[in-house]
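Asks: Dropping the structure in here first, questions after.
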Amino acid sequence: MYGNDEGVLRRTYRIGRWSAWDDQVNGFANDFCATFGTYPNLLQASDVTFRRIDMAARKENVYSPAGEPAEEGAYTPLGEFVRPHYALTFVVEPSLDDGQVVLFYDADPDGDGGIPLEDTVPSREVLAARGPRVR
């Protein structure tokens, strides 16, 4: 899926191997950048997909928003995927299939005139509460 609504770019991908989900998402982000000339800033997926990502995440790469390492052996729901050139904020979209992810670049991700996802883009408080990030 391609899109270009007023300041919004989007493309749909599918995670194939959960053990390498992070490498695949990084590849998706690089493909997105090669296609559109900018990195995405939002990753949309279903709750099931996010739970599978949470379980597959290598905990040595998981940090709290304050930069503290994740507790070893504890279930840690993630809220963001961070790489040197981009950061993807996780946004839940229940209508997506398991394993399906949609990457977006939204020039105004706070919803003040950017992406028209009225009910699917939570407020900053909800995003912050979602949890730690993967680096």
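Lettering and numbering for the structure tokens are positional, with chains as A, B, ... in the shown order, residues counted from 1 in each chain, and ligands counted from 1 in the shown order.
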Neighbouring residues of Val92 (chain A) were defined as those with any atom within 7 Å, considering only C-alpha atoms; residues of the same chain fewer than 4 positions away were excluded. Please report them as a list in words.
Replies: Gln44, Ala45, Ser46, Asp47 and Thr120 of chain A
Asks: To one decimal place in Å, what is the distance between CA of Leu42 (chain A) and CA of Glu71 (chain A)?
Replies: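 CA of Glu71 (chain A) lies at a distance of 25.5 Å from CA of Leu42 (chain A).
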Asks: Within 12 Å of Gly73 (chain A), counting only C-alpha atoms, which residues qualify if same-chain residues fewer than 2 places away don't, as number ranges by chain?
Replies: A: 55, 57-60, 62, 69-71, 75-76
Asks: Output N, CA and C atoms of each residue in that selection to a file, as an mmCIF file, in the first residue's frame.
Replies:
```cif
data_model
loop_
_atom_site.group_PDB
_atom_site.id
_atom_site.type_symbol
_atom_site.label_atom_id
_atom_site.label_comp_id
_atom_site.auth_asym_id
_atom_site.auth_seq_id
_atom_site.Cartn_x
_atom_site.Cartn_y
_atom_site.Cartn_z
ATOM 1 N N MET A 55 7.382 -10.288 22.852
ATOM 2 C CA MET A 55 7.932 -11.577 23.283
ATOM 3 C C MET A 55 9.249 -11.902 22.575
ATOM 4 N N ALA A 57 11.448 -9.692 21.364
ATOM 5 C CA ALA A 57 12.487 -8.663 21.522
ATOM 6 C C ALA A 57 13.649 -9.172 22.366
ATOM 7 N N ARG A 58 14.858 -8.921 21.888
ATOM 8 C CA ARG A 58 16.060 -9.268 22.649
ATOM 9 C C ARG A 58 16.202 -8.247 23.770
ATOM 10 N N LYS A 59 16.029 -8.696 24.986
ATOM 11 C CA LYS A 59 15.962 -7.784 26.131
ATOM 12 C C LYS A 59 17.228 -6.961 26.328
ATOM 13 N N GLU A 60 18.375 -7.431 25.821
ATOM 14 C CA GLU A 60 19.592 -6.627 25.963
ATOM 15 C C GLU A 60 19.534 -5.363 25.118
ATOM 16 N N VAL A 62 16.544 -3.589 24.901
ATOM 17 C CA VAL A 62 15.341 -2.883 25.342
ATOM 18 C C VAL A 62 15.689 -1.950 26.490
ATOM 19 N N PRO A 69 18.071 -0.191 31.285
ATOM 20 C CA PRO A 69 17.850 -1.488 30.642
ATOM 21 C C PRO A 69 16.596 -2.175 31.179
ATOM 22 N N ALA A 70 15.965 -2.998 30.332
ATOM 23 C CA ALA A 70 14.779 -3.749 30.735
ATOM 24 C C ALA A 70 15.165 -4.793 31.770
ATOM 25 N N GLU A 71 14.210 -5.119 32.625
ATOM 26 C CA GLU A 71 14.436 -6.140 33.639
ATOM 27 C C GLU A 71 14.507 -7.509 32.968
ATOM 28 N N TYR A 75 8.247 -9.608 31.286
ATOM 29 C CA TYR A 75 7.526 -9.223 30.074
ATOM 30 C C TYR A 75 7.600 -7.708 29.967
ATOM 31 N N THR A 76 8.021 -7.213 28.818
ATOM 32 C CA THR A 76 8.217 -5.779 28.629
ATOM 33 C C THR A 76 7.520 -5.326 27.355
#
```
Asks: Identify which of the residues A:Gly37, A:Gln24, A:Val8, A:Phe50 lies closest to Val91 (chain A), counting only C-alpha atoms when measuring atom-to-atom distances.
Replies: A:Phe50
Asks: CA of Leu96 (chain A) and CA of Ala20 (chain A) are how many Å apart?
Replies: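 CA of Ala20 (chain A) lies 20.1 Å from CA of Leu96 (chain A).
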Asks: When you look at Leu43 (chain A) with a cut-off of 12 Å (counting only C-alpha atoms), what residues show up, excluding the ones that are within fewer than 2 positions of it in the same chain? I need them as an MDAnalysis selection string.
Replies: chainID A and resid 9:14 25:26 28:29 32 39:41 45:46 49:50 78:82 86:93 96 100:106 109 120:121 127
